[in-house]
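Dropping protein23.cif in here (mmCIF, C-alpha atoms and all ligand atoms):
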data_protein
#
loop_
_atom_site.label_atom_id
_atom_site.label_comp_id
_atom_site.auth_asym_id
_atom_site.auth_seq_id
_atom_site.Cartn_x
_atom_site.Cartn_y
_atom_site.Cartn_z
CA MET F 1 16.76 27.66 -29.39
CA GLN F 2 14.55 24.66 -29.64
CA HIS F 3 11.31 26.58 -30.03
CA GLN F 4 12.70 28.45 -33.05
CA LYS F 5 13.27 25.17 -34.90
CA LEU F 6 9.75 24.05 -34.11
CA LYS F 7 8.31 27.37 -35.22
CA GLU F 8 10.24 27.29 -38.51
CA THR F 9 9.16 23.73 -39.19
CA PHE F 10 5.56 24.72 -38.51
CA ILE F 11 5.73 27.71 -40.87
CA ASN F 12 7.31 25.59 -43.62
CA LYS F 13 4.61 22.98 -43.29
CA PHE F 14 1.50 25.04 -42.71
CA ARG F 15 2.35 28.55 -43.99
CA THR F 16 0.88 30.36 -40.99
CA ASN F 17 2.24 31.66 -37.72
CA PRO F 18 1.74 29.33 -34.75
CA SER F 19 1.26 29.99 -31.05
CA LEU F 20 3.89 28.37 -28.84
CA PHE F 21 3.36 26.60 -25.52
CA ARG F 22 5.64 24.65 -23.21
CA SER F 23 5.29 22.19 -20.34
CA PRO F 24 8.13 20.72 -18.27
CA GLY F 25 9.17 17.33 -16.99
CA ARG F 26 9.53 16.87 -13.24
CA VAL F 27 11.59 15.48 -10.41
CA ASN F 28 10.31 14.30 -7.05
CA LEU F 29 12.67 15.25 -4.22
CA ILE F 30 11.09 13.01 -1.60
CA GLY F 31 7.86 11.08 -1.00
CA GLU F 32 7.96 7.87 -3.02
CA HIS F 33 5.09 5.35 -3.21
CA THR F 34 3.15 7.66 -0.92
CA ASP F 35 0.69 8.95 -3.53
CA TYR F 36 -1.60 5.91 -3.62
CA ASN F 37 -1.44 5.77 0.17
CA ASN F 38 -3.01 9.24 0.35
CA GLY F 39 0.26 10.72 1.58
CA PHE F 40 2.51 13.58 0.47
CA VAL F 41 4.96 14.02 -2.40
CA LEU F 42 7.48 16.82 -3.00
CA PRO F 43 7.91 17.36 -6.74
CA ALA F 44 9.24 20.24 -8.83
CA ALA F 45 9.14 21.08 -12.53
CA ILE F 46 12.49 21.10 -14.34
CA ASP F 47 14.21 22.92 -17.19
CA LYS F 48 13.53 20.11 -19.63
CA GLU F 49 10.31 20.55 -21.52
CA ILE F 50 7.99 19.69 -24.37
CA ILE F 51 7.20 22.60 -26.68
CA ILE F 52 4.38 22.78 -29.21
CA ALA F 53 3.78 25.12 -32.13
CA ILE F 54 0.06 25.02 -32.81
CA GLU F 55 -2.66 26.88 -34.73
CA LYS F 56 -6.29 26.29 -35.69
CA SER F 57 -6.63 24.65 -39.10
CA GLY F 58 -9.95 26.31 -39.87
CA SER F 59 -11.59 22.94 -40.60
CA THR F 60 -12.16 19.65 -38.78
CA LYS F 61 -8.79 18.33 -40.02
CA CYS F 62 -5.87 17.88 -37.64
CA SER F 63 -2.24 17.35 -38.56
CA VAL F 64 0.38 16.73 -35.88
CA HIS F 65 4.10 16.32 -36.54
CA SER F 66 6.56 14.90 -34.04
CA TYR F 67 9.80 16.78 -34.72
CA ASP F 68 11.96 14.43 -32.67
CA LEU F 69 10.63 11.22 -34.19
CA ASN F 70 10.06 12.77 -37.64
CA GLU F 71 6.61 11.21 -37.91
CA SER F 72 3.22 12.75 -38.60
CA ILE F 73 -0.39 11.78 -38.16
CA GLU F 74 -3.60 13.22 -39.54
CA PHE F 75 -7.10 12.75 -38.22
CA ASP F 76 -10.54 14.34 -38.08
CA ILE F 77 -11.39 16.08 -34.82
CA HIS F 78 -14.73 14.26 -34.71
CA GLU F 79 -13.08 10.85 -35.01
CA VAL F 80 -10.80 10.56 -32.02
CA SER F 81 -9.95 7.07 -30.73
CA PRO F 82 -6.83 5.36 -29.35
CA SER F 83 -4.11 5.16 -31.99
CA SER F 84 -1.44 2.63 -32.91
CA VAL F 85 0.92 5.63 -33.06
CA SER F 86 1.85 5.60 -29.39
CA TRP F 87 2.93 9.27 -29.04
CA ALA F 88 -0.40 10.42 -30.48
CA ASN F 89 -2.38 8.89 -27.65
CA TYR F 90 -1.26 11.57 -25.21
CA PHE F 91 -3.06 14.38 -27.04
CA LEU F 92 -5.83 12.19 -28.49
CA GLY F 93 -6.59 11.16 -24.91
CA VAL F 94 -6.71 14.82 -23.90
CA ILE F 95 -9.18 15.65 -26.70
CA ASP F 96 -11.32 12.68 -25.62
CA GLN F 97 -11.38 13.92 -22.01
CA ILE F 98 -12.31 17.44 -23.13
CA ASN F 99 -15.22 15.95 -25.09
CA LYS F 100 -16.27 13.94 -22.05
CA LYS F 101 -16.53 17.18 -20.10
CA GLY F 102 -19.05 18.38 -22.69
CA LYS F 103 -16.57 20.81 -24.26
CA SER F 104 -15.07 20.68 -27.72
CA ILE F 105 -12.28 21.97 -29.90
CA GLU F 106 -11.87 22.25 -33.68
CA GLY F 107 -9.22 21.13 -36.14
CA PHE F 108 -5.60 22.19 -35.59
CA ASN F 109 -2.09 21.88 -37.00
CA CYS F 110 0.84 21.24 -34.73
CA VAL F 111 4.57 20.56 -34.60
CA PHE F 112 5.98 19.44 -31.26
CA GLY F 113 9.28 18.34 -29.75
CA GLY F 114 11.27 18.50 -26.57
CA ASN F 115 14.24 17.55 -24.46
CA VAL F 116 12.66 15.59 -21.61
CA PRO F 117 14.40 12.21 -21.89
CA LEU F 118 11.80 9.64 -22.94
CA GLY F 119 10.95 6.89 -20.51
CA ALA F 120 13.60 7.95 -17.97
CA GLY F 121 11.10 8.71 -15.23
CA LEU F 122 11.08 12.49 -15.74
CA SER F 123 7.52 12.34 -17.05
CA SER F 124 7.81 13.32 -20.65
CA SER F 125 4.31 11.83 -20.98
CA ALA F 126 2.78 14.21 -18.44
CA ALA F 127 4.59 17.15 -20.09
CA LEU F 128 3.05 16.14 -23.39
CA GLU F 129 -0.48 15.86 -22.00
CA CYS F 130 -0.22 19.11 -20.06
CA VAL F 131 1.11 21.21 -22.91
CA PHE F 132 -1.73 20.09 -25.17
CA VAL F 133 -4.54 20.57 -22.69
CA PHE F 134 -3.15 24.01 -21.83
CA ALA F 135 -2.93 25.02 -25.50
CA PHE F 136 -6.43 23.73 -26.32
CA ASN F 137 -7.78 25.62 -23.32
CA GLU F 138 -6.19 28.87 -24.53
CA LEU F 139 -7.02 28.53 -28.22
CA TRP F 140 -10.67 27.56 -27.71
CA HIS F 141 -11.34 29.47 -24.50
CA LEU F 142 -12.53 26.33 -22.74
CA GLY F 143 -12.45 28.02 -19.33
CA LEU F 144 -10.69 25.11 -17.61
CA ASP F 145 -8.72 25.87 -14.46
CA LYS F 146 -5.33 24.32 -13.82
CA GLU F 147 -6.67 21.60 -11.56
CA GLU F 148 -9.23 20.55 -14.15
CA MET F 149 -6.50 20.46 -16.78
CA VAL F 150 -4.34 18.28 -14.53
CA LYS F 151 -7.18 15.80 -14.09
CA ILE F 152 -7.85 15.73 -17.82
CA ALA F 153 -4.16 15.02 -18.44
CA GLN F 154 -4.13 12.22 -15.86
CA MET F 155 -7.26 10.59 -17.28
CA ALA F 156 -5.84 10.84 -20.81
CA GLU F 157 -2.88 8.80 -19.58
CA HIS F 158 -5.19 6.26 -17.89
CA GLU F 159 -7.53 5.79 -20.80
CA PHE F 160 -5.50 6.32 -23.97
CA ALA F 161 -1.95 5.48 -22.88
CA GLY F 162 -3.17 2.68 -20.60
CA VAL F 163 -1.04 3.78 -17.63
CA LYS F 164 -2.93 4.06 -14.34
CA CYS F 165 -0.68 6.79 -12.95
CA GLY F 166 -1.25 8.92 -9.86
CA ILE F 167 -1.73 12.66 -10.22
CA MET F 168 1.70 13.94 -9.18
CA ASP F 169 3.36 14.06 -12.59
CA GLN F 170 0.69 16.13 -14.28
CA PHE F 171 0.33 18.31 -11.19
CA ALA F 172 4.05 19.05 -11.14
CA SER F 173 4.23 19.82 -14.84
CA MET F 174 1.30 22.24 -14.58
CA PHE F 175 1.88 23.83 -11.15
CA GLY F 176 5.68 23.95 -10.92
CA GLN F 177 7.27 27.18 -9.70
CA LYS F 178 10.83 28.32 -10.41
CA ASP F 179 13.25 27.45 -7.58
CA HIS F 180 10.47 25.89 -5.49
CA VAL F 181 9.37 22.41 -4.64
CA PHE F 182 5.78 21.91 -3.65
CA ARG F 183 4.27 19.55 -1.18
CA LEU F 184 1.20 17.96 -2.62
CA ASP F 185 -1.29 16.30 -0.33
CA CYS F 186 -2.47 13.40 -2.48
CA ARG F 187 -5.65 13.06 -0.40
CA SER F 188 -6.99 16.61 -0.63
CA LEU F 189 -4.86 17.88 -3.53
CA GLU F 190 -3.94 20.87 -1.37
CA TYR F 191 -0.41 22.06 -2.02
CA GLU F 192 2.17 24.35 -0.55
CA TYR F 193 5.34 25.75 -2.14
CA PHE F 194 8.70 25.64 -0.38
CA PRO F 195 11.78 27.49 -1.67
CA LEU F 196 14.54 25.11 -2.70
CA LYS F 197 17.63 27.18 -1.93
CA LEU F 198 20.32 25.01 -3.40
CA VAL F 199 23.11 27.58 -2.86
CA ASP F 200 26.25 25.43 -3.19
CA TYR F 201 24.46 22.35 -4.47
CA GLU F 202 23.05 21.07 -7.72
CA VAL F 203 20.39 18.51 -8.56
CA ILE F 204 21.92 15.85 -10.80
CA LEU F 205 20.11 12.78 -12.07
CA CYS F 206 21.84 9.54 -12.97
CA ASN F 207 19.95 7.33 -15.40
CA THR F 208 20.55 3.61 -14.82
CA LYS F 209 19.20 3.00 -18.32
CA VAL F 210 17.61 -0.20 -17.07
CA ALA F 211 13.89 -0.94 -16.78
CA HIS F 212 13.38 -4.31 -15.12
CA SER F 213 10.18 -6.04 -16.16
CA LEU F 214 9.18 -6.54 -12.50
CA ALA F 215 8.08 -2.92 -12.27
CA SER F 216 4.37 -3.16 -13.07
CA SER F 217 3.60 -6.48 -11.35
CA GLU F 218 5.48 -5.46 -8.21
CA TYR F 219 3.73 -2.08 -8.25
CA ASN F 220 0.36 -3.83 -8.10
CA THR F 221 1.60 -6.18 -5.38
CA ARG F 222 2.77 -3.22 -3.27
CA ARG F 223 -0.62 -1.58 -3.57
CA GLN F 224 -2.26 -4.78 -2.39
CA GLU F 225 0.17 -5.21 0.50
CA CYS F 226 -0.63 -1.68 1.67
CA GLU F 227 -4.35 -2.42 1.48
CA THR F 228 -3.87 -5.59 3.49
CA GLY F 229 -2.02 -3.59 6.13
CA VAL F 230 -4.82 -1.02 6.26
CA SER F 231 -7.47 -3.72 6.71
CA ILE F 232 -5.61 -5.11 9.75
CA LEU F 233 -5.14 -1.64 11.25
CA GLN F 234 -8.84 -0.93 10.72
CA LYS F 235 -9.79 -3.80 13.02
CA HIS F 236 -8.15 -1.98 15.92
CA PHE F 237 -8.38 1.72 15.18
CA ASP F 238 -11.15 3.99 14.00
CA HIS F 239 -10.72 6.51 11.22
CA ILE F 240 -8.06 4.65 9.26
CA ASP F 241 -8.87 4.77 5.56
CA SER F 242 -5.30 4.59 4.32
CA LEU F 243 -1.75 4.39 5.67
CA ARG F 244 -1.81 8.19 5.77
CA ASP F 245 -4.06 7.92 8.82
CA ALA F 246 -1.86 5.48 10.77
CA THR F 247 1.11 6.13 13.06
CA SER F 248 4.15 3.92 13.46
CA GLN F 249 3.08 3.22 17.08
CA GLN F 250 -0.28 1.92 15.87
CA LEU F 251 1.50 -0.22 13.31
CA LYS F 252 3.86 -1.65 15.93
CA SER F 253 0.92 -2.53 18.14
CA VAL F 254 -0.53 -4.84 15.46
CA LYS F 255 2.80 -6.25 14.30
CA LYS F 256 2.05 -9.76 15.61
CA GLU F 257 -1.03 -10.02 13.43
CA MET F 258 0.74 -8.97 10.29
CA ASP F 259 2.67 -10.92 7.79
CA PRO F 260 6.28 -9.65 8.22
CA VAL F 261 6.40 -8.54 4.59
CA VAL F 262 3.19 -6.52 4.90
CA TYR F 263 4.58 -5.01 8.09
CA LYS F 264 7.77 -3.87 6.36
CA ARG F 265 5.82 -2.31 3.51
CA CYS F 266 3.55 -0.37 5.87
CA LEU F 267 6.47 0.72 8.01
CA TYR F 268 8.20 2.22 5.01
CA VAL F 269 5.09 4.11 3.86
CA ILE F 270 4.23 5.50 7.29
CA ASN F 271 7.84 6.61 7.83
CA GLU F 272 8.05 8.12 4.37
CA ILE F 273 4.88 10.18 4.78
CA ALA F 274 6.28 11.56 8.05
CA ARG F 275 9.65 12.14 6.39
CA VAL F 276 8.13 14.42 3.73
CA ILE F 277 6.71 16.68 6.45
CA ASP F 278 9.99 16.61 8.32
CA SER F 279 12.07 17.34 5.23
CA CYS F 280 9.94 20.41 4.42
CA GLU F 281 10.71 21.80 7.86
CA LYS F 282 14.37 21.30 7.10
CA LEU F 283 14.00 23.25 3.87
CA GLN F 284 12.35 26.06 5.78
CA ASN F 285 15.28 26.08 8.19
CA ASN F 286 17.79 26.10 5.32
CA ASP F 287 19.05 22.71 6.46
CA LEU F 288 19.84 21.22 3.08
CA VAL F 289 22.29 18.74 4.59
CA GLY F 290 19.52 17.40 6.83
CA PHE F 291 17.21 17.25 3.84
CA GLY F 292 19.80 15.20 1.98
CA LYS F 293 20.03 12.76 4.89
CA ASP F 294 16.30 12.22 4.57
CA MET F 295 16.82 11.35 0.91
CA TYR F 296 19.37 8.68 1.86
CA GLU F 297 16.92 7.33 4.43
CA THR F 298 14.18 7.17 1.84
CA HIS F 299 16.43 5.13 -0.38
CA ASP F 300 17.27 2.81 2.44
CA GLY F 301 13.56 2.23 3.12
CA LEU F 302 12.75 1.73 -0.55
CA SER F 303 15.58 -0.74 -0.92
CA HIS F 304 15.21 -2.80 2.27
CA ASN F 305 11.62 -2.47 3.46
CA TYR F 306 9.63 -1.62 0.36
CA GLU F 307 11.96 -3.64 -1.89
CA VAL F 308 11.41 -1.74 -5.12
CA SER F 309 15.05 -0.87 -5.82
CA CYS F 310 17.42 -2.92 -7.93
CA ASP F 311 21.11 -3.66 -8.13
CA GLU F 312 21.85 -0.74 -10.49
CA LEU F 313 19.98 1.85 -8.38
CA ASP F 314 21.56 0.63 -5.14
CA TYR F 315 24.96 0.74 -6.80
CA LEU F 316 24.55 4.37 -7.90
CA VAL F 317 23.33 5.51 -4.49
CA GLU F 318 26.18 3.70 -2.72
CA LYS F 319 28.78 5.20 -5.06
CA ALA F 320 27.31 8.67 -4.60
CA LYS F 321 27.45 8.25 -0.83
CA ASP F 322 31.06 7.05 -0.98
CA THR F 323 32.18 10.31 -2.60
CA GLY F 324 31.51 12.25 0.59
CA TYR F 325 30.36 15.35 -1.34
CA VAL F 326 26.90 14.13 -2.32
CA ILE F 327 24.65 15.18 0.56
CA GLY F 328 21.59 13.25 -0.63
CA SER F 329 20.89 10.47 -3.09
CA ARG F 330 18.02 8.11 -3.71
CA MET F 331 16.19 6.21 -6.40
CA MET F 332 13.38 8.28 -7.89
CA GLY F 333 10.09 6.96 -9.22
CA GLY F 334 8.40 3.58 -9.03
CA GLY F 335 11.63 1.61 -8.95
CA PHE F 336 13.35 -1.31 -10.72
CA GLY F 337 15.15 1.17 -12.96
CA GLY F 338 15.00 4.81 -14.00
CA CYS F 339 17.08 7.52 -12.35
CA THR F 340 18.66 8.35 -9.03
CA ILE F 341 18.37 11.95 -7.83
CA ASN F 342 21.44 13.48 -6.19
CA LEU F 343 22.25 16.68 -4.34
CA VAL F 344 25.84 17.35 -5.37
CA ASN F 345 28.26 20.03 -4.26
CA ARG F 346 28.39 22.41 -7.23
CA SER F 347 32.18 22.65 -7.24
CA ARG F 348 32.38 18.87 -7.66
CA GLN F 349 29.85 18.60 -10.47
CA ASP F 350 32.30 17.46 -13.20
CA GLN F 351 34.15 15.21 -10.82
CA PHE F 352 30.88 13.57 -9.81
CA ILE F 353 29.71 12.98 -13.37
CA ASN F 354 33.08 11.54 -14.42
CA PHE F 355 33.42 9.34 -11.36
CA MET F 356 29.88 7.95 -11.60
CA SER F 357 30.10 7.38 -15.35
CA GLU F 358 33.46 5.61 -15.18
CA SER F 359 32.42 3.45 -12.24
CA TYR F 360 29.08 2.45 -13.75
CA LEU F 361 30.67 1.53 -17.06
CA LYS F 362 33.43 -0.46 -15.39
CA ASP F 363 31.23 -2.34 -12.92
CA LYS F 364 27.91 -2.63 -14.76
CA GLY F 365 28.95 -2.30 -18.39
CA ILE F 366 26.44 0.48 -19.04
CA GLU F 367 27.08 4.04 -20.26
CA LEU F 368 25.57 6.26 -17.59
CA GLU F 369 23.47 9.22 -18.68
CA THR F 370 23.40 12.22 -16.34
CA TYR F 371 21.21 15.32 -16.34
CA ILE F 372 21.85 18.52 -14.41
CA VAL F 373 18.43 19.98 -13.72
CA ASN F 374 17.23 23.41 -12.62
CA ILE F 375 13.83 24.02 -11.11
CA GLU F 376 11.50 25.88 -13.46
CA ASN F 377 7.95 27.18 -13.84
CA GLY F 378 5.09 24.93 -14.88
CA THR F 379 3.12 24.94 -18.14
CA SER F 380 2.95 28.28 -19.95
CA LYS F 381 2.49 30.12 -23.23
CA LEU F 382 5.76 31.27 -24.79
P1 LIG K 1 8.23 9.08 -19.07
O1 LIG K 1 6.92 9.75 -18.84
O2 LIG K 1 8.87 8.57 -17.83
O3 LIG K 1 9.18 9.89 -19.88
P2 LIG K 1 6.54 7.30 -20.56
O4 LIG K 1 6.77 5.93 -21.09
O5 LIG K 1 5.41 7.51 -19.64
O6 LIG K 1 7.92 7.76 -19.92
O7 LIG K 1 6.33 8.30 -21.77
C1 LIG K 1 7.21 8.29 -22.87
C2 LIG K 1 6.41 8.38 -24.16
O8 LIG K 1 5.92 9.73 -24.37
C3 LIG K 1 7.25 8.10 -25.39
O9 LIG K 1 7.31 6.72 -25.66
C4 LIG K 1 6.51 8.86 -26.48
O10 LIG K 1 5.39 8.12 -26.94
C5 LIG K 1 5.99 10.08 -25.74
N1 LIG K 1 6.95 11.20 -25.87
C6 LIG K 1 7.61 11.82 -24.89
N2 LIG K 1 8.41 12.80 -25.35
C7 LIG K 1 8.24 12.80 -26.69
C8 LIG K 1 8.81 13.58 -27.75
N3 LIG K 1 9.72 14.54 -27.53
N4 LIG K 1 8.40 13.31 -29.02
C9 LIG K 1 7.50 12.33 -29.26
N5 LIG K 1 6.94 11.57 -28.30
C10 LIG K 1 7.30 11.79 -27.03
MG MG K 2 5.19 8.80 -18.01
#
Reformat the file's structure so that it appears as structure tokens.
Ligand code: ADP
Ligand code: MG
Amino acid sequence: MQHQKLKETFINKFRTNPSLFRSPGRVNLIGEHTDYNNGFVLPAAIDKEIIIAIEKSGSTKCSVHSYDLNESIEFDIHEVSPSSVSWANYFLGVIDQINKKGKSIEGFNCVFGGNVPLGAGLSSSAALECVFVFAFNELWHLGLDKEEMVKIAQMAEHEFAGVKCGIMDQFASMFGQKDHVFRLDCRSLEYEYFPLKLVDYEVILCNTKVAHSLASSEYNTRRQECETGVSILQKHFDHIDSLRDATSQQLKSVKKEMDPVVYKRCLYVINEIARVIDSCEKLQNNDLVGFGKDMYETHDGLSHNYEVSCDELDYLVEKAKDTGYVIGSRMMGGGFGGCTINLVNRSRQDQFINFMSESYLKDKGIELETYIVNIENGTSKL
């Protein structure tokens, strides 16, 4: 067990018994590029997690050891600033946010590690932030509720890691519930759990292992295109603050005034927000096949209208579709790389992994990485 290794390493280093905490990575079943348009997302926490062994040091000194990278850093709790050690910024940023809330913690010792693949789009960064804020809250009785912790984790990522992420990743890591997805309203932060009864199916991720450099510039361009669309809609309709408030009929009625590219972007977002609602109804009706069709549609929209896919992602989705036993497949995350998420017939699991791996290697020259994921609970003490 992974947490045993971490515990032993902690005891060898610090000669005391630590407390153990965990926080998972996440998947998003449907609802892509909807967060910054005030729409809905449908994430779930997974059985890949970051675990920390931690205890108070009894002074202002802090010592943190990354088990996986075999690196350590030491610092004084009163001197927290962004670090050149990139992995340290996730918890340093959390401490900084706690201070900004007028709360404080004392020195601590820690060993951490995990099995969320790094940089694959499963949010190892959010898992890292969430596990630390949760542990600090417990050890120093800070009295933070889960939503406050999620916001602290998000702001840590903005300010210390320099990534202006939405709130979904941290929310999913903290609020996940075993065998459930949850629909998060990114406008109100209200959420509702839906059982994900996979029965004969399995969630399998395929990692393209590419990260095209377009990702961040195109992300900003998409945000601008959506804003442009909103400003045109606002000229004609009251009460439109974001694409969340617009219908596809309203969009069609202003099509002539819109740049065709802006139109396509808005069409995708409006359809996708509606699709999340629709797909949740399908889950409630145990229509997993229908849910999977929605995933394929999402991919189609992301690829053709929103244009944030890439050759490798399109390839993997097409191949999955060709098998006939993958009921849903789409790119997951911001795009231009990362993973596809697939709903695969359980009896074909090995066949799927072999077929996808062989095809990807043959046609793209890249060794595919695949992860079978189960849906787990959010952040907790072990
Ligand atoms: P993602 O969140 O998609 O996994 P990010 O680039 O946002 O990708 O976060 C990855 C970073 O988080 C890594 O570069 C590293 O700094 C940190 N990290 C994640 N997991 C670990 C780990 N097990 N050990 C050390 N650092 C980690
Ligand atoms: Mg991240």
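Separating CA of Ile51 in chain F from CA of Val131 in chain F is a distance of 7.3 Å.
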Taking all atoms listed in the file and a cut-off of 12 Å, can you tell me which residues surround ligand MG 2 (chain K), written as a PDB file with C-alpha atoms, in the coordinates of the input?
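Output saved as part15.pdb:
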ATOM      1  CA  GLY F  25       9.170  17.330 -16.990  1.00  0.00           C
ATOM      2  CA  ARG F  26       9.530  16.870 -13.240  1.00  0.00           C
ATOM      3  CA  VAL F  27      11.590  15.480 -10.410  1.00  0.00           C
ATOM      4  CA  TRP F  87       2.930   9.270 -29.040  1.00  0.00           C
ATOM      5  CA  TYR F  90      -1.260  11.570 -25.210  1.00  0.00           C
ATOM      6  CA  VAL F 116      12.660  15.590 -21.610  1.00  0.00           C
ATOM      7  CA  PRO F 117      14.400  12.210 -21.890  1.00  0.00           C
ATOM      8  CA  LEU F 118      11.800   9.640 -22.940  1.00  0.00           C
ATOM      9  CA  GLY F 119      10.950   6.890 -20.510  1.00  0.00           C
ATOM     10  CA  ALA F 120      13.600   7.950 -17.970  1.00  0.00           C
ATOM     11  CA  GLY F 121      11.100   8.710 -15.230  1.00  0.00           C
ATOM     12  CA  LEU F 122      11.080  12.490 -15.740  1.00  0.00           C
ATOM     13  CA  SER F 123       7.520  12.340 -17.050  1.00  0.00           C
ATOM     14  CA  SER F 124       7.810  13.320 -20.650  1.00  0.00           C
ATOM     15  CA  SER F 125       4.310  11.830 -20.980  1.00  0.00           C
ATOM     16  CA  ALA F 126       2.780  14.210 -18.440  1.00  0.00           C
ATOM     17  CA  ALA F 127       4.590  17.150 -20.090  1.00  0.00           C
ATOM     18  CA  LEU F 128       3.050  16.140 -23.390  1.00  0.00           C
ATOM     19  CA  GLU F 129      -0.480  15.860 -22.000  1.00  0.00           C
ATOM     20  CA  CYS F 130      -0.220  19.110 -20.060  1.00  0.00           C
ATOM     21  CA  ALA F 153      -4.160  15.020 -18.440  1.00  0.00           C
ATOM     22  CA  GLN F 154      -4.130  12.220 -15.860  1.00  0.00           C
ATOM     23  CA  ALA F 156      -5.840  10.840 -20.810  1.00  0.00           C
ATOM     24  CA  GLU F 157      -2.880   8.800 -19.580  1.00  0.00           C
ATOM     25  CA  HIS F 158      -5.190   6.260 -17.890  1.00  0.00           C
ATOM     26  CA  ALA F 161      -1.950   5.480 -22.880  1.00  0.00           C
ATOM     27  CA  GLY F 162      -3.170   2.680 -20.600  1.00  0.00           C
ATOM     28  CA  VAL F 163      -1.040   3.780 -17.630  1.00  0.00           C
ATOM     29  CA  LYS F 164      -2.930   4.060 -14.340  1.00  0.00           C
ATOM     30  CA  CYS F 165      -0.680   6.790 -12.950  1.00  0.00           C
ATOM     31  CA  GLY F 166      -1.250   8.920  -9.860  1.00  0.00           C
ATOM     32  CA  ILE F 167      -1.730  12.660 -10.220  1.00  0.00           C
ATOM     33  CA  MET F 168       1.700  13.940  -9.180  1.00  0.00           C
ATOM     34  CA  ASP F 169       3.360  14.060 -12.590  1.00  0.00           C
ATOM     35  CA  GLN F 170       0.690  16.130 -14.280  1.00  0.00           C
ATOM     36  CA  SER F 173       4.230  19.820 -14.840  1.00  0.00           C
ATOM     37  CA  GLY F 333      10.090   6.960  -9.220  1.00  0.00           C
ATOM     38  CA  GLY F 334       8.400   3.580  -9.030  1.00  0.00           C
ATOM     39  CA  GLY F 338      15.000   4.810 -14.000  1.00  0.00           C
TER      40      GLY F 338
END
(message) Using only C-alpha atoms and all ligand atoms, can you tell me which of F:Asp47, F:Ser86, F:Ile52, F:Leu6 comes closest to ligand LIG 1 (chain K)?
(response) F:Ser86
(message) Measuring between only C-alpha atoms, which one of F:Ala53, F:Ile327, F:Met332, F:Leu29 shows the shortest distance to Leu302 in chain F?
(response)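 Of F:Ala53, F:Ile327, F:Met332, F:Leu29, the one nearest Leu302 in chain F is F:Met332, counting only C-alpha atoms.
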(request) Would you kindly return, as a PyMOL selection string, each protein, DNA or RNA residue with an atom no farther than 10 Å from any atom of Leu251 in chain F, considering all atoms listed in the file and excluding same-chain residues fewer than 2 positions away? (result) chain F and resi 229-230+232-233+243+246-249+253-256+258+263+266-267+270
(message) One number please: CA of Val289 in chain F to CA of Lys321 in chain F, in Å, one decimal.
(response) 12.9 Å
So that I can check the surroundings of Asn377 in chain F, please list as a PDB file with C-alpha atoms, in the frame of the given file every protein, DNA and RNA residue that reaches within 9 Å of it, counting only C-alpha atoms and ignoring chain neighbours fewer than 2 positions away.
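Saved the output as around-v2.pdb:
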ATOM      1  CA  SER F  23       5.290  22.190 -20.340  1.00  0.00           C
ATOM      2  CA  PRO F  24       8.130  20.720 -18.270  1.00  0.00           C
ATOM      3  CA  ALA F  44       9.240  20.240  -8.830  1.00  0.00           C
ATOM      4  CA  ALA F  45       9.140  21.080 -12.530  1.00  0.00           C
ATOM      5  CA  ILE F  46      12.490  21.100 -14.340  1.00  0.00           C
ATOM      6  CA  ASP F  47      14.210  22.920 -17.190  1.00  0.00           C
ATOM      7  CA  SER F 173       4.230  19.820 -14.840  1.00  0.00           C
ATOM      8  CA  MET F 174       1.300  22.240 -14.580  1.00  0.00           C
ATOM      9  CA  PHE F 175       1.880  23.830 -11.150  1.00  0.00           C
ATOM     10  CA  GLY F 176       5.680  23.950 -10.920  1.00  0.00           C
ATOM     11  CA  GLN F 177       7.270  27.180  -9.700  1.00  0.00           C
ATOM     12  CA  LYS F 178      10.830  28.320 -10.410  1.00  0.00           C
ATOM     13  CA  ASP F 179      13.250  27.450  -7.580  1.00  0.00           C
ATOM     14  CA  HIS F 180      10.470  25.890  -5.490  1.00  0.00           C
ATOM     15  CA  ILE F 375      13.830  24.020 -11.110  1.00  0.00           C
ATOM     16  CA  THR F 379       3.120  24.940 -18.140  1.00  0.00           C
ATOM     17  CA  SER F 380       2.950  28.280 -19.950  1.00  0.00           C
TER      18      SER F 380
END
(request) Tell me which of F:Ile204, F:Phe291, F:Leu382, F:Ser359 sits closest to Leu20 in chain F, counting only C-alpha atoms. (result) F:Leu382
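One distance worth recording is that between CA of Lys235 in chain F and CA of Arg275 in chain F, which is 26.0 Å.
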(request) Rank F:Ser188, F:Tyr371, F:Arg265, F:Phe355 by their smallest atom-to-atom distance to Gln224 in chain F, using all atoms listed in the file, and report the top residue only. (result) F:Arg265
(message) So that I can see what lies close to Arg348 in chain F, please list as a count of residues only the residues with an atom at most 12 Å from it, counting all atoms listed in the file and leaving out residues fewer than 5 positions away in the same chain.
(response) 15
(message) Could you list, as a ChimeraX atom specification, every residue within 8 Å of Tyr268 in chain F, counting all atoms listed in the file and ignoring same-chain residues fewer than 3 positions away?
(response) /F:264-265,271-272,301-302,305-306
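Minimum atom-to-atom distances from F:Leu144, F:Ser59, F:Leu69, F:Glu32 to ligand LIG 1 (chain K) were compared using only C-alpha atoms and all ligand atoms, and the lowest value belongs to F:Leu69.
Counting only C-alpha atoms and all ligand atoms and comparing F:Ser104, F:Ser84, F:Thr16, F:Thr34, the residue that lies closest to ligand LIG 1 (chain K) is F:Ser84.
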Listed atoms of range 170-188 of chain F boxed along x, y and z, 4 Å each side, centre and edge lengths in Å, one decimal, as lines of an AutoDock Vina configuration file:
center_x = 3.1
center_y = 20.7
center_z = -7.6
size_x = 28.2
size_y = 23.3
size_z = 22.5
